[in-house]
Every structure is written in structure tokens, then in C-alpha cells.
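Quick look at my_file07.cif (mmCIF, C-alpha atoms):
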data_protein
loop_
_atom_site.group_PDB
_atom_site.id
_atom_site.type_symbol
_atom_site.label_atom_id
_atom_site.label_comp_id
_atom_site.auth_asym_id
_atom_site.auth_seq_id
_atom_site.Cartn_x
_atom_site.Cartn_y
_atom_site.Cartn_z
ATOM 1 C CA MET A 14 328.479 338.762 -9.346
ATOM 2 C CA ILE A 15 326.219 341.704 -8.640
ATOM 3 C CA LYS A 16 326.442 343.425 -5.282
ATOM 4 C CA LEU A 17 323.173 343.592 -3.401
ATOM 5 C CA ASP A 18 322.458 345.989 -0.579
ATOM 6 C CA ASP A 19 319.831 345.759 2.146
ATOM 7 C CA ARG A 20 317.146 347.399 -0.015
ATOM 8 C CA ASP A 21 317.763 344.959 -2.878
ATOM 9 C CA LEU A 22 317.395 342.094 -0.416
ATOM 10 C CA LYS A 23 314.174 343.593 0.955
ATOM 11 C CA ILE A 24 312.821 343.793 -2.603
ATOM 12 C CA LEU A 25 313.684 340.130 -3.219
ATOM 13 C CA LYS A 26 312.231 338.948 0.080
ATOM 14 C CA THR A 27 309.035 340.901 -0.425
ATOM 15 C CA LEU A 28 308.539 339.619 -3.973
ATOM 16 C CA GLN A 29 309.087 336.016 -2.866
ATOM 17 C CA THR A 30 306.159 336.195 -0.488
ATOM 18 C CA GLU A 31 304.027 338.865 -2.184
ATOM 19 C CA GLY A 32 304.619 338.526 -5.911
ATOM 20 C CA ARG A 33 301.511 340.523 -6.775
ATOM 21 C CA ILE A 34 302.424 343.576 -4.697
ATOM 22 C CA THR A 35 302.050 346.856 -6.572
ATOM 23 C CA LYS A 36 305.154 348.831 -7.407
ATOM 24 C CA ALA A 37 303.944 351.680 -5.179
ATOM 25 C CA ALA A 38 303.394 349.341 -2.230
ATOM 26 C CA LEU A 39 306.801 347.735 -2.827
ATOM 27 C CA ALA A 40 308.476 351.157 -2.831
ATOM 28 C CA GLU A 41 306.702 352.074 0.405
ATOM 29 C CA ARG A 42 307.632 348.746 2.021
ATOM 30 C CA ILE A 43 311.351 349.259 1.387
ATOM 31 C CA ALA A 44 311.285 352.996 2.149
ATOM 32 C CA LEU A 45 312.125 354.275 -1.331
ATOM 33 C CA SER A 46 310.272 356.514 -3.722
ATOM 34 C CA PRO A 47 308.668 354.662 -6.657
ATOM 35 C CA THR A 48 311.187 355.612 -9.382
ATOM 36 C CA PRO A 49 314.354 354.414 -7.588
ATOM 37 C CA CYS A 50 312.508 351.293 -6.454
ATOM 38 C CA TRP A 51 311.413 350.603 -10.050
ATOM 39 C CA GLU A 52 315.016 351.116 -11.266
ATOM 40 C CA ARG A 53 316.298 348.616 -8.681
ATOM 41 C CA LEU A 54 313.624 346.105 -9.660
ATOM 42 C CA LYS A 55 314.489 346.432 -13.370
ATOM 43 C CA ARG A 56 318.209 346.015 -12.550
ATOM 44 C CA LEU A 57 317.493 342.838 -10.558
ATOM 45 C CA GLU A 58 315.492 341.491 -13.506
ATOM 46 C CA ALA A 59 318.121 342.514 -16.080
ATOM 47 C CA GLU A 60 320.910 340.880 -14.050
ATOM 48 C CA GLY A 61 318.909 337.637 -13.959
ATOM 49 C CA ILE A 62 318.538 337.634 -10.182
ATOM 50 C CA ILE A 63 314.771 337.719 -10.602
ATOM 51 C CA GLU A 64 314.165 334.875 -13.028
ATOM 52 C CA GLY A 65 310.407 335.301 -13.299
ATOM 53 C CA TYR A 66 307.118 335.644 -11.497
ATOM 54 C CA GLY A 67 304.603 332.939 -10.779
ATOM 55 C CA ALA A 68 301.820 331.642 -8.597
ATOM 56 C CA ARG A 69 301.738 328.710 -6.193
ATOM 57 C CA ILE A 70 298.864 326.551 -7.342
ATOM 58 C CA ALA A 71 297.049 324.081 -5.095
ATOM 59 C CA LEU A 72 297.411 321.179 -7.508
ATOM 60 C CA GLY A 73 295.277 318.938 -5.320
ATOM 61 C CA SER A 74 292.280 321.100 -6.215
ATOM 62 C CA PHE A 75 292.335 319.534 -9.705
ATOM 63 C CA GLY A 76 291.925 316.029 -8.322
ATOM 64 C CA PRO A 77 293.990 313.458 -6.460
ATOM 65 C CA LEU A 78 297.707 314.134 -6.449
ATOM 66 C CA SER A 79 300.611 312.321 -4.848
ATOM 67 C CA VAL A 80 304.149 313.604 -4.548
ATOM 68 C CA PHE A 81 307.156 311.297 -4.723
ATOM 69 C CA PHE A 82 310.840 311.901 -4.245
ATOM 70 C CA MET A 83 313.080 309.578 -6.165
ATOM 71 C CA GLN A 84 316.791 308.971 -5.832
ATOM 72 C CA ALA A 85 318.215 307.958 -9.190
ATOM 73 C CA GLU A 86 321.475 306.211 -9.966
ATOM 74 C CA LEU A 87 322.785 305.944 -13.518
ATOM 75 C CA GLU A 88 324.353 302.923 -15.179
ATOM 76 C CA SER A 89 327.439 304.835 -16.248
ATOM 77 C CA HIS A 90 329.042 308.088 -15.183
ATOM 78 C CA LYS A 91 330.401 309.524 -18.415
ATOM 79 C CA ALA A 92 329.517 313.108 -19.287
ATOM 80 C CA GLU A 93 327.401 311.908 -22.215
ATOM 81 C CA ASP A 94 325.371 309.635 -19.916
ATOM 82 C CA PHE A 95 324.520 312.530 -17.618
ATOM 83 C CA ARG A 96 323.515 314.656 -20.631
ATOM 84 C CA ILE A 97 321.246 311.899 -21.986
ATOM 85 C CA PHE A 98 319.485 311.493 -18.637
ATOM 86 C CA GLU A 99 319.141 315.237 -18.060
ATOM 87 C CA ASP A 100 317.755 315.785 -21.562
ATOM 88 C CA ALA A 101 315.296 312.922 -21.103
ATOM 89 C CA VAL A 102 313.813 314.132 -17.824
ATOM 90 C CA GLN A 103 312.866 317.402 -19.547
ATOM 91 C CA ASN A 104 310.251 315.386 -21.484
ATOM 92 C CA TYR A 105 308.475 313.890 -18.465
ATOM 93 C CA ASP A 106 305.779 316.319 -17.329
ATOM 94 C CA ASP A 107 305.358 314.524 -13.999
ATOM 95 C CA VAL A 108 309.002 315.233 -13.140
ATOM 96 C CA VAL A 109 308.672 318.732 -11.691
ATOM 97 C CA GLU A 110 312.188 319.046 -10.266
ATOM 98 C CA CYS A 111 315.456 317.236 -10.900
ATOM 99 C CA TRP A 112 318.652 317.950 -8.994
ATOM 100 C CA ALA A 113 322.103 316.534 -9.771
ATOM 101 C CA VAL A 114 323.786 315.672 -6.466
ATOM 102 C CA GLY A 115 327.025 314.213 -5.184
ATOM 103 C CA GLY A 116 327.516 311.551 -2.569
ATOM 104 C CA GLY A 117 326.604 308.178 -4.050
ATOM 105 C CA ILE A 118 323.288 309.013 -5.704
ATOM 106 C CA ASP A 119 323.297 310.892 -8.997
ATOM 107 C CA TYR A 120 319.949 312.710 -8.935
ATOM 108 C CA PHE A 121 316.985 313.594 -6.747
ATOM 109 C CA LEU A 122 313.699 313.958 -8.603
ATOM 110 C CA LYS A 123 310.426 315.397 -7.370
ATOM 111 C CA ILE A 124 307.566 313.730 -9.185
ATOM 112 C CA THR A 125 303.834 314.404 -9.032
ATOM 113 C CA SER A 126 301.345 311.770 -10.086
ATOM 114 C CA PRO A 127 297.656 311.043 -9.516
ATOM 115 C CA ASP A 128 298.452 307.826 -7.640
ATOM 116 C CA VAL A 129 301.044 305.111 -7.024
ATOM 117 C CA ASP A 130 300.030 303.130 -10.118
ATOM 118 C CA SER A 131 300.575 306.142 -12.383
ATOM 119 C CA TYR A 132 303.905 306.789 -10.721
ATOM 120 C CA GLN A 133 305.000 303.185 -11.276
ATOM 121 C CA ARG A 134 304.023 303.368 -14.961
ATOM 122 C CA LEU A 135 306.244 306.450 -15.282
ATOM 123 C CA ILE A 136 309.146 304.646 -13.623
ATOM 124 C CA ASP A 137 308.655 301.596 -15.875
ATOM 125 C CA GLN A 138 308.709 303.910 -18.879
ATOM 126 C CA MET A 139 311.929 305.540 -17.656
ATOM 127 C CA LEU A 140 313.566 302.159 -17.025
ATOM 128 C CA ASN A 141 312.648 300.937 -20.508
ATOM 129 C CA SER A 142 313.609 304.083 -22.402
ATOM 130 C CA ASN A 143 317.410 303.705 -22.445
ATOM 131 C CA ILE A 144 318.094 306.915 -20.539
ATOM 132 C CA GLY A 145 320.647 305.202 -18.326
ATOM 133 C CA LEU A 146 318.575 304.752 -15.168
ATOM 134 C CA ARG A 147 320.142 301.856 -13.277
ATOM 135 C CA ARG A 148 318.531 301.978 -9.854
ATOM 136 C CA TYR A 149 316.008 304.130 -8.075
ATOM 137 C CA TYR A 150 314.608 304.581 -4.600
ATOM 138 C CA THR A 151 311.145 306.011 -4.007
ATOM 139 C CA TYR A 152 309.895 308.079 -1.093
ATOM 140 C CA VAL A 153 306.184 308.868 -0.878
ATOM 141 C CA VAL A 154 305.287 312.254 0.582
ATOM 142 C CA THR A 155 302.681 311.782 3.300
ATOM 143 C CA LYS A 156 302.216 315.503 4.003
ATOM 144 C CA PRO A 157 304.000 318.756 3.270
ATOM 145 C CA VAL A 158 305.603 320.238 6.367
ATOM 146 C CA LYS A 159 307.285 323.367 4.997
ATOM 147 C CA ILE A 160 307.365 324.875 1.535
ATOM 148 C CA SER A 161 308.969 328.271 1.229
ATOM 149 C CA PRO A 162 311.078 330.233 -1.228
ATOM 150 C CA PHE A 163 314.842 330.328 -0.916
ATOM 151 C CA PRO A 164 315.885 333.099 1.457
ATOM 152 C CA PRO A 165 317.828 335.958 -0.133
ATOM 153 C CA VAL A 166 321.545 335.792 0.518
ATOM 154 C CA PRO A 167 322.490 338.234 3.320
ATOM 155 C CA VAL A 168 324.744 341.139 2.533
ATOM 156 C CA PRO A 169 328.292 340.521 3.853
ATOM 157 C CA LYS A 170 329.255 343.076 6.489
#
Turn this file's structure into C-alpha cells for me.
Amino acid sequence: MIKLDDRDLKILKTLQTEGRITKAALAERIALSPTPCWERLKRLEAEGIIEGYGARIALGSFGPLSVFFMQAELESHKAEDFRIFEDAVQNYDDVVECWAVGGGIDYFLKITSPDVDSYQRLIDQMLNSNIGLRRYYTYVVTKPVKISPFPPVPVPK
């Protein structure tokens, strides 16, 4: 595990909220000259702490969009069954996030779809595709309340 100091954490926090910031502005923001700041940034990328850069897109601007959270329970709990399900969800474009969890439910999925009918067709397809889905529970998102990046882990003192 790589050790991060306060400046590394400032770099990460700044990039999470201002991904398009220039390298010079980033260096100024964290009170470093450009070359050491650039070296830190490259190290964070090389270590895999920064996995990539992207943009938040207002998907609703392309047309109607609904967001659903789904709890999924599998038929069987053998390692192979989990692998089959996890491999299968990679092929569903509407499944934008899938999290394996403990505590009675096997997975939480975040699914985007134009409407409830499209969502139900996806679920019917999943149920009929022999990926091991036994039971599911659906939660319709009525409005987003908070969407933010993960906070950087604080440096232990």
C-alpha cells in the first residue's frame, strides 16, 4: 500500500471535483511548483490510485431516463455461480454498477433505463438467461439527493 501525504490527498480531492484543472493550476492549488506536482500526479497514476479521468454526463439530456436499484439473490452460492452472474452482468449495458454484498442479499445493481417497461424487459431477460438470478427487489429512484466522489482516505497521524 502506497503512503499518501497531505499534498497527495489534496491532489486527489482536487481532481475529483475539478478533473479538467490545468497542471499549473493544480500545482498552485496544492502549493507546489509544477515539476514536483507533475511527478506526484504521475506516481499516483502509476500506482493505480488514479484509475482514470472522466466527465459526469447529464444522461437525462438525451431523453427520458429512470434509475433503478435492484437487490439480487442468486439460486446457488457456489463460487462458479457468482462468477457466472458477474460475467453476465458485464454484458448488460443498462447495468451501470454492480456490487457484491454480504448480509442476505448477494448483489446491489444500479440500472438505468428509459422507463419501467424497458427495465422490466431487462429483468425478464436476466431471469430467462440462466445466470442464476433467483429473486430480485426493485427500488425506483424518484430524485437524486447527493452524488459525489469518494472522499480521499485521510492520512493517519
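Applied to the shown file, the PyMOL selection byres ((chain A and resi 21-24) around 9) selects the residues Leu17, Asp18, Asp19, Arg20, Leu25, Lys26, Thr27, Leu28, Gln29, Leu39, Ala40, Arg42, Ile43, Cys50, Arg53, Leu54, Leu57, Pro165, Val166, Pro167 and Val168 of chain A.
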On this file, the PyMOL selection byres ((chain A and resi 100-117) around 12) gives some set of residues; write that set as a ChimeraX atom specification.
-> /A:78-87,90,93-99,118-128,131-136,138-140,142-146,148
Pairwise distance for atom CA of Glu88 of chain A and atom CA of Tyr150 of chain A, rounded to one decimal in Å =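 Between atom CA of Glu88 of chain A and atom CA of Tyr150 of chain A the gap works out to 14.5 Å.
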State, in Å with one decimal place, the distance from atom CA of Pro164 of chain A to atom CA of Thr35 of chain A.
-> 21.1 Å
Written as a ChimeraX atom specification, which residues does the PyMOL selection byres ((chain A and resi 65) around 12) give for the file shown?
-> /A:25,28-29,32,54-55,57-64,66-68
Point-to-point distance from atom CA of Ala71 of chain A to atom CA of Ile160 of chain A, Å rounded to tenths | 12.3 Å
Around the point (303.8, 324.0, 1.3), in the coordinates given by the file, pick out the residues reaching within 12 Å, counting all atoms listed in the file, and return them as an NGL selection string.
-> :A and (69-73 or 80 or 154 or 156-162)
Could you give me the axis-aligned bounding box of segment 86-97 of chain A, with 8 Å of padding per side, as centre plus edge lengths in Å to one decimal, as JSON?
{"center_x": 325.8, "center_y": 308.8, "center_z": -16.1, "size_x": 25.2, "size_y": 27.7, "size_z": 28.2}
